[in-house]
Amino acid sequence: MANITKKVSWSSRGDEAGAAWEGTPLLNGSERPSVSRQLSGERRLFQIGRLSTVDLDEEITAEEDSTSWKPKEIPHNEKLLSLKFESLDYDNIENQLFLEEERRMSFLGFRCLEISRWVVCGLIGVLTGLIACFIDIVVEKLAGIKYQVIKENIVQFTEAGGLSISLILWAVLNCAFVMLGAIMVACFEPIAGGSGIPQIKCYLNGVKIPRVVRLKTLVVKVFGVICSVVGGLAVGKEGPMIHSGAVVAAGVSQGRSTSLKRDFKIFEYFRRDTEKRDFVSAGAAAGVSAAFGAPVGGVLFALEEGASFWNQMLTWRIFFASMISTFTLNFFLSIYHHKPGELSNPGLINFGRFESETMAYNFYEIPLFIAMGALGGALGALFNVLNYWLTIFRIRYVHRPCLQVMEAMLVAAVTAAVSFIMIYFSNDCQPLGPDNSEEYPLQLFCADGEYNSMATAFFNTPERSVRSLFHNPAGTYNPLTLGLFTLTYFFLACWTYGLSVSAGVFIPSLLIGAAWGRLCGILLASIAQADSTWADPGKYALIGAAAQLGGIVRMTLSLTVILVEATGNVTYGLPIMLALMTAKIVGDYFQEGLYDIHIKLQSVPFLHSEAPATSHWLTAREVMSSPVTCFNKVEKVGTIVDVLSNTSTNHNGFPVVVQVSDNDEPAKLCGLILRSQLIVLLKHKVFVELAQSRLTQRKLQLKDFRDAYPRFPPIQSIHVSQDERECMMDLTEFMNPTPYTVPQDTSLPRVFKLFRALGLRHLVVVDDENRVVGLVTRKDLARYHLGKHGLEEMHLAQT
Amino acid sequence: MSPRNLGLFFVFSVLNVCRLVLSDVGNVIASDSAENLKQVSDPSPPGSAGANSPPVFKPAVDFAFPLSLLSSFPEDLEISEYCRELLAVFGQRYVAYANCLVPAARPVKVCQNCFSGFGSLKEIYTNISSDKVGPVNESCRDSLLHSDRLMLVYLLFSSVEDIWKKSACDQCVSDGYQSLNNGTLYFLDVLNETIACFEKYRQGNLTELCTNCKSFYKSLNDLYGQKEQNQSLCIDLEDAMNMTRKLWSKSFNCSFPREETVPVIAVSSFMLFLPIIFYLSSFLHSEQKKRKLIHRE
């Protein structure tokens, strides 16, 4: 029989050898056989990464392999796909166990499931709201203390002299907080860095990002974001809320925590990727809705960013979770603000109400909004380009945790220094408002009874600065202040995003946009006749903020709705939409969105909604990986263990075949089995011989697979004795008997569509006699992308 | 009283003219003529300054019954003598209060000068609006306050009350509107000391003023800050403080100069240089992270 596994036969040794390998890290989930690839007709010129092809019949021995296999090393770039990422199993495995369970389940059982789905969504909403509330209150308290201390110090030293000491105090306080946050992220959980939106986007796309939905990640994320916001970085706490919501969802829906080793024995049915993914999208939506007070925006965010898998009931449940989350947050914040029961003050960031007369807009302002959208797109693209180069530099050179912590601290210190200089040299003094709308007014060198206007922008948490830019009456800021603020904050925010602290980019973008938008408003007002009131700076600040944010993240529908909901004024829908549209069109001309850039730079095999445009001539034969490691329906345990422990291949899905004739021709496909299933089988020693000898042995159930989910033990931890290696294992019951297959000549877009729409992990390519010729996985599809020179192919790399 | 009567007379004569012209008309035209009337009666006030409001009052009441203007109402619809008296007193006190307010507008002294006026006005209004039944066995509340759409007495008083609330005079005046409260008096004392000091040194060198009056100014400033936190400030004090601050910072130029530019720049440029060093050193010394390519052979 043509069992291709013999190609890697060097690994088939005893258990002793297996123990020795434990030192070498198991390559997490490479699904790609790195063994020879079949020569597939004519070679294409574009194939850069593949240097040579090896004939299928040529035997590669272990020695040859290890000597000839000299990995080429290149600096990190965006055109790589990492081996560390696997797919999630969104396809239901309809094996016999599953069918049996379904048969056993009563009608009532299904109703209960449906109800528990709603319960889980409600819990997700409540917990996400609580987390948002916690973050909000802690940030407010700590930032309040920090600014109070610094303010007192500044007041004291303005009189006595020695303001440089205040500067140092400010910088040190910032550094201390940021150091705390950066250490948590860099040393304990690097995946908790950044806003988390790219990671959640990948997860919803079907990529399993290691550790992204763990409890530890959540803890680090929450405390990290508190530290970075209190530390005065140019960041917001909204992006991390989305990640937090997703983690909450992934945790709650499982009814247990692997980290805490607690199993509540509930929601066991949901312990698989398909169900979990639905809840994670609900969690992400709940996060958005808590962050912006925008329940509909949250649902649309989940739709836009994770749109792969969708149905009506799910949408309705997600909406439920979002709504619950917003109103949980409102409820607890109302208690905190001593107005219990008042539910109408939503969101972590509250844009305030845009309802006054001057906030109305006119038909003739529409072109202005569009122009501002274009400006936002251009500035956003600039932001993204700068951040792209910075991120590449960081990945290449600043990769050690201690360096990352240091970098974050430096950014914090510089942020403080720059802010201080700006405040120090600002001559923009404004009279104190009647109701003390400024939280921490700094007088510095202003006349008594006035405050430094630059300080309201810099000496404040970013959320408050945004609000004051939106709502302070005309004349609160002078144009020079705003111009300088925009410039410095633009570079600070760009520099800050991508540090290893957990922090979002929403608020800084809004702030930059609001600053230059307000500047536009002021300039327009000075051009317009003196008596006209249409050029209200607050209105332009809002449009500017929308345009800038759209230019950076390039979200469309959900962002429009989020902003409209956050302002609480539906009539702004049109201008915000126009600004975002223009921003996206202009921005896309230069550079991708920030999140897409970061996904690419992390070498994630991300499947976009469509296959690259010019790829119809590629067929499955060229795309697929081959040869494929297959198992027989009844396979020897030793073979299975050897294949699973092979570090150089590390496949995750194995077609199961039956031999039709005795000669060497490829066998026919009859099913597909996953690594995780095999591991569970090996762990429970489901061997044919044992089953015969021990009649009482409990039959393996689907529950056993669920209990092991999602952290299946590595193969090295499973002990298989020499005797057991000789046993046989019957896979019939456990394999998926009807895997999706495509003929060899299927075009790439067709394969892509099937893959994307069904959320597949493996797609078997068969010939006309149903014999396995290859396997298409996510990385085979993700590596094609449309570059400047037509279709390009990405390299695979170890990261 | 005389300007008021004069105004009344004028209005009535105009009305008469109207009635003669449109002898038998319904309500619609009558209300039209009300418009005319307003326009006509508008120019009349200049002679009667702040007291022009009461004359409009009567006709407005009467206009609900345009056909019986000249003749008086039957006994039960007419307001009683008692209420009429109350109304007259209200009018007097209103005028007195308004006369007090206007000159106190700038610099703001509306609380210090006019608190007693407000007190008496409020007293009479309370009388009018109370349930208490007068000597002729009827309450004036209904007949004076809510018998018509305009509710002029109420409107007048509420606008005055609005001014009072906005100026936060309650914070400065003792209960019962007898006098200014102690905190305010003390503050005014300190303020006067400060101003006196300003006056004393004003002619000479301003730096001398800054040093000599600093203690006064500072104690005033501190007191103000304290009162600000207790929210025991009224507009008088706020305005006085504002003026003093303006004098101090703008006219006398006594606020802090920006003089430690050099150390601030030194410290911050040191901080700005740190990242450059950091990135350079990590570029030069840190090992570049390479990715091992996996060849798909």
# chains A, B, ... in the order shown; residues from 1 in each chain; ligands from 1
call {"tool": "closest_atom_pairs", "arguments": {"of": "chain B", "to": "chain A", "cutoff": "10 Å", "atoms": "only C-alpha atoms", "output": "tab-separated table"}}
result
residue	atom	partner	partner_atom	distance
B:Asn221	CA	A:Asp448	CA	9.2
B:Met241	CA	A:Gly449	CA	8.8
B:Asn242	CA	A:Gly449	CA	6.9
B:Met243	CA	A:Gly449	CA	9.9
B:Thr244	CA	A:Asp448	CA	9.3
B:Arg245	CA	A:Asp448	CA	5.6
B:Lys246	CA	A:Asp448	CA	7.3
B:Leu247	CA	A:Asp448	CA	9.8
B:Trp248	CA	A:Asp448	CA	8.1
B:Ser249	CA	A:Ala447	CA	5.1
B:Lys250	CA	A:Ala447	CA	6.9
B:Asn253	CA	A:Ala447	CA	8.6
B:Cys254	CA	A:Ala447	CA	8.7
B:Ser255	CA	A:Ala447	CA	6.2
B:Phe256	CA	A:Phe445	CA	5.6
B:Pro257	CA	A:Phe445	CA	6.5
B:Arg258	CA	A:Phe445	CA	6.7
B:Glu259	CA	A:Gly161	CA	8.3
B:Glu260	CA	A:Gly162	CA	7.1
B:Thr261	CA	A:Tyr424	CA	8.6
B:Val262	CA	A:Ser164	CA	9.2
B:Pro263	CA	A:Ser164	CA	6.1
B:Val264	CA	A:Ser164	CA	4.8
B:Ile265	CA	A:Ile421	CA	7.7
B:Ala266	CA	A:Ser164	CA	8.7
B:Val267	CA	A:Ser164	CA	6.7
B:Ser268	CA	A:Ala417	CA	5.3
B:Ser269	CA	A:Ala417	CA	8.2
B:Phe270	CA	A:Ala417	CA	9.4
B:Met271	CA	A:Val414	CA	5.9
B:Leu272	CA	A:Val414	CA	5.8
B:Phe273	CA	A:Val414	CA	9.1
B:Leu274	CA	A:Leu410	CA	7.1
B:Pro275	CA	A:Leu410	CA	6.1
B:Ile276	CA	A:Leu410	CA	9.9
B:Phe278	CA	A:Glu407	CA	7.6
B:Tyr279	CA	A:Val398	CA	8.5
B:Ser281	CA	A:Tyr397	CA	9.7
B:Ser282	CA	A:Tyr397	CA	6.1
B:Phe283	CA	A:Tyr397	CA	6.0
B:Leu284	CA	A:Tyr397	CA	8.9
B:His285	CA	A:Tyr397	CA	8.8
B:Ser286	CA	A:Tyr397	CA	5.9
B:Glu287	CA	A:Tyr397	CA	6.6
B:Gln288	CA	A:Arg396	CA	5.2
B:Lys289	CA	A:Arg396	CA	4.8
B:Lys290	CA	A:Pro75	CA	4.6
B:Arg291	CA	A:Glu73	CA	5.3
B:Lys292	CA	A:Glu73	CA	4.6
B:Leu293	CA	A:Ala797	CA	4.3
B:Ile294	CA	A:Leu796	CA	5.3
B:His295	CA	A:Arg50	CA	5.9
B:Arg296	CA	A:Arg50	CA	5.5
B:Glu297	CA	A:Thr53	CA	4.9
call {"tool": "residues_around", "arguments": {"residues": "Ala284 (chain A)", "least_positions_apart": "6", "cutoff": "8 Å", "atoms": "only C-alpha atoms", "output": "PDB file with all heavy atoms, in the first residue's frame"}}
result
ATOM      1  N   ILE A 200      -9.076  39.119  17.636  1.00  0.00           N
ATOM      2  CA  ILE A 200     -10.465  38.649  17.630  1.00  0.00           C
ATOM      3  C   ILE A 200     -10.964  38.506  16.203  1.00  0.00           C
ATOM      4  O   ILE A 200     -11.690  37.583  15.859  1.00  0.00           O
ATOM      5  CB  ILE A 200     -11.356  39.619  18.427  1.00  0.00           C
ATOM      6  CG1 ILE A 200     -10.943  39.606  19.890  1.00  0.00           C
ATOM      7  CG2 ILE A 200     -12.810  39.230  18.317  1.00  0.00           C
ATOM      8  CD1 ILE A 200     -10.930  38.240  20.511  1.00  0.00           C
ATOM      9  N   ILE A 242     -13.269  44.993  23.688  1.00  0.00           N
ATOM     10  CA  ILE A 242     -13.784  44.034  22.711  1.00  0.00           C
ATOM     11  C   ILE A 242     -13.124  42.684  22.935  1.00  0.00           C
ATOM     12  O   ILE A 242     -13.777  41.642  22.964  1.00  0.00           O
ATOM     13  CB  ILE A 242     -13.537  44.584  21.295  1.00  0.00           C
ATOM     14  CG1 ILE A 242     -14.382  45.839  21.110  1.00  0.00           C
ATOM     15  CG2 ILE A 242     -13.856  43.555  20.253  1.00  0.00           C
ATOM     16  CD1 ILE A 242     -13.906  46.743  20.035  1.00  0.00           C
ATOM     17  N   HIS A 243     -11.808  42.730  23.121  1.00  0.00           N
ATOM     18  CA  HIS A 243     -11.091  41.495  23.421  1.00  0.00           C
ATOM     19  C   HIS A 243     -11.595  40.884  24.732  1.00  0.00           C
ATOM     20  O   HIS A 243     -11.857  39.689  24.809  1.00  0.00           O
ATOM     21  CB  HIS A 243      -9.601  41.799  23.492  1.00  0.00           C
ATOM     22  CG  HIS A 243      -8.737  40.583  23.514  1.00  0.00           C
ATOM     23  ND1 HIS A 243      -7.381  40.646  23.385  1.00  0.00           N
ATOM     24  CD2 HIS A 243      -9.031  39.273  23.645  1.00  0.00           C
ATOM     25  CE1 HIS A 243      -6.887  39.424  23.440  1.00  0.00           C
ATOM     26  NE2 HIS A 243      -7.866  38.579  23.597  1.00  0.00           N
ATOM     27  N   SER A 244     -11.761  41.746  25.735  1.00  0.00           N
ATOM     28  CA  SER A 244     -12.224  41.232  27.025  1.00  0.00           C
ATOM     29  C   SER A 244     -13.572  40.548  26.884  1.00  0.00           C
ATOM     30  O   SER A 244     -13.788  39.459  27.424  1.00  0.00           O
ATOM     31  CB  SER A 244     -12.351  42.372  28.030  1.00  0.00           C
ATOM     32  OG  SER A 244     -11.169  43.094  28.110  1.00  0.00           O
ATOM     33  N   GLY A 245     -14.470  41.194  26.136  1.00  0.00           N
ATOM     34  CA  GLY A 245     -15.780  40.601  25.927  1.00  0.00           C
ATOM     35  C   GLY A 245     -15.663  39.234  25.275  1.00  0.00           C
ATOM     36  O   GLY A 245     -16.349  38.275  25.674  1.00  0.00           O
ATOM     37  N   ALA A 246     -14.780  39.128  24.307  1.00  0.00           N
ATOM     38  CA  ALA A 246     -14.608  37.856  23.607  1.00  0.00           C
ATOM     39  C   ALA A 246     -14.097  36.783  24.555  1.00  0.00           C
ATOM     40  O   ALA A 246     -14.562  35.633  24.519  1.00  0.00           O
ATOM     41  CB  ALA A 246     -13.649  38.044  22.441  1.00  0.00           C
ATOM     42  N   GLY A 298     -22.395  47.323  18.098  1.00  0.00           N
ATOM     43  CA  GLY A 298     -21.699  46.109  18.503  1.00  0.00           C
ATOM     44  C   GLY A 298     -22.072  44.941  17.626  1.00  0.00           C
ATOM     45  O   GLY A 298     -21.201  44.208  17.147  1.00  0.00           O
ATOM     46  N   ALA A 302     -19.589  42.861  15.053  1.00  0.00           N
ATOM     47  CA  ALA A 302     -19.407  41.417  14.974  1.00  0.00           C
ATOM     48  C   ALA A 302     -19.722  40.927  13.568  1.00  0.00           C
ATOM     49  O   ALA A 302     -19.067  40.021  13.054  1.00  0.00           O
ATOM     50  CB  ALA A 302     -20.296  40.725  15.998  1.00  0.00           C
TER      51      ALA A 302
END
call {"tool": "residues_around", "arguments": {"residues": "region 706-712 of chain A", "least_positions_apart": "5", "cutoff": "7 Å", "atoms": "only C-alpha atoms", "output": "ChimeraX atom specification"}}
result
/A:271-272,676
call {"tool": "select_by_dssp", "arguments": {"residues": "region 615-751 of chain A", "states": "helix (DSSP H, G or I)", "output": "ChimeraX atom specification"}}
result
/A:620-623,637-645,675-683,688-693,702-708,715-717,722-725,748-751
call {"tool": "residues_around", "arguments": {"residues": "Gly376 (chain A)", "least_positions_apart": "2", "cutoff": "9 Å", "atoms": "only C-alpha atoms", "output": "list in words"}}
result
Ala371, Met372, Gly373, Ala374, Ala378, Leu379, Gly380, Ala381, Gly513, Gly544, Ala545, Ala546, Ala547, Gln548, Leu549, Gly550, Gly551, Ile552, Ala579, Leu580, Thr582, Ala583, Lys584, Val586 and Gly587 of chain A
call {"tool": "write_last_selection", "arguments": {"atoms": "C-alpha atoms", "output": "PDB file, in the first residue's frame"}}
result
ATOM      1  CA  ALA A 371     -13.450  66.952   2.030  1.00  0.00           C
ATOM      2  CA  MET A 372     -12.784  66.305   5.694  1.00  0.00           C
ATOM      3  CA  GLY A 373     -13.322  62.603   5.030  1.00  0.00           C
ATOM      4  CA  ALA A 374     -10.662  62.723   2.342  1.00  0.00           C
ATOM      5  CA  ALA A 378      -4.950  60.632   3.861  1.00  0.00           C
ATOM      6  CA  LEU A 379      -3.869  61.256   7.431  1.00  0.00           C
ATOM      7  CA  GLY A 380      -5.007  57.766   8.389  1.00  0.00           C
ATOM      8  CA  ALA A 381      -2.952  56.259   5.603  1.00  0.00           C
ATOM      9  CA  GLY A 513      -9.514  63.836  14.357  1.00  0.00           C
ATOM     10  CA  GLY A 544     -13.070  65.093  11.881  1.00  0.00           C
ATOM     11  CA  ALA A 545     -12.952  62.418  14.557  1.00  0.00           C
ATOM     12  CA  ALA A 546     -15.052  60.091  12.430  1.00  0.00           C
ATOM     13  CA  ALA A 547     -12.917  60.713   9.364  1.00  0.00           C
ATOM     14  CA  GLN A 548      -9.658  60.145  11.209  1.00  0.00           C
ATOM     15  CA  LEU A 549     -10.840  56.962  12.877  1.00  0.00           C
ATOM     16  CA  GLY A 550     -12.223  55.693   9.582  1.00  0.00           C
ATOM     17  CA  GLY A 551      -8.966  56.531   7.876  1.00  0.00           C
ATOM     18  CA  ILE A 552      -6.996  54.485  10.379  1.00  0.00           C
ATOM     19  CA  ALA A 579     -16.882  61.110   5.901  1.00  0.00           C
ATOM     20  CA  LEU A 580     -16.134  57.449   6.606  1.00  0.00           C
ATOM     21  CA  THR A 582     -14.432  59.057   1.643  1.00  0.00           C
ATOM     22  CA  ALA A 583     -11.854  58.272   4.285  1.00  0.00           C
ATOM     23  CA  LYS A 584     -11.913  54.606   3.334  1.00  0.00           C
ATOM     24  CA  VAL A 586      -8.834  57.689  -0.034  1.00  0.00           C
ATOM     25  CA  GLY A 587      -7.066  55.627   2.589  1.00  0.00           C
TER      26      GLY A 587
END
call {"tool": "residues_around", "arguments": {"residues": "Glu193 (chain B)", "least_positions_apart": "2", "cutoff": "12 Å", "atoms": "only C-alpha atoms", "output": "count of residues only"}}
result
21
call {"tool": "residues_around", "arguments": {"residues": "region 86-102 of chain B", "least_positions_apart": "3", "cutoff": "9 Å", "atoms": "only C-alpha atoms", "output": "VMD selection string"}}
result
chain B and resid 1 50 to 51 54 81 to 83 105 to 106 109 to 111 113 to 118 120 to 121 124 to 125 127 to 128 140 144 153 156 to 157 160
call {"tool": "atom_distance", "arguments": {"atom1": "CA of Phe485 (chain A)", "atom2": "CA of Phe292 (chain A)"}}
result
24.2 Å
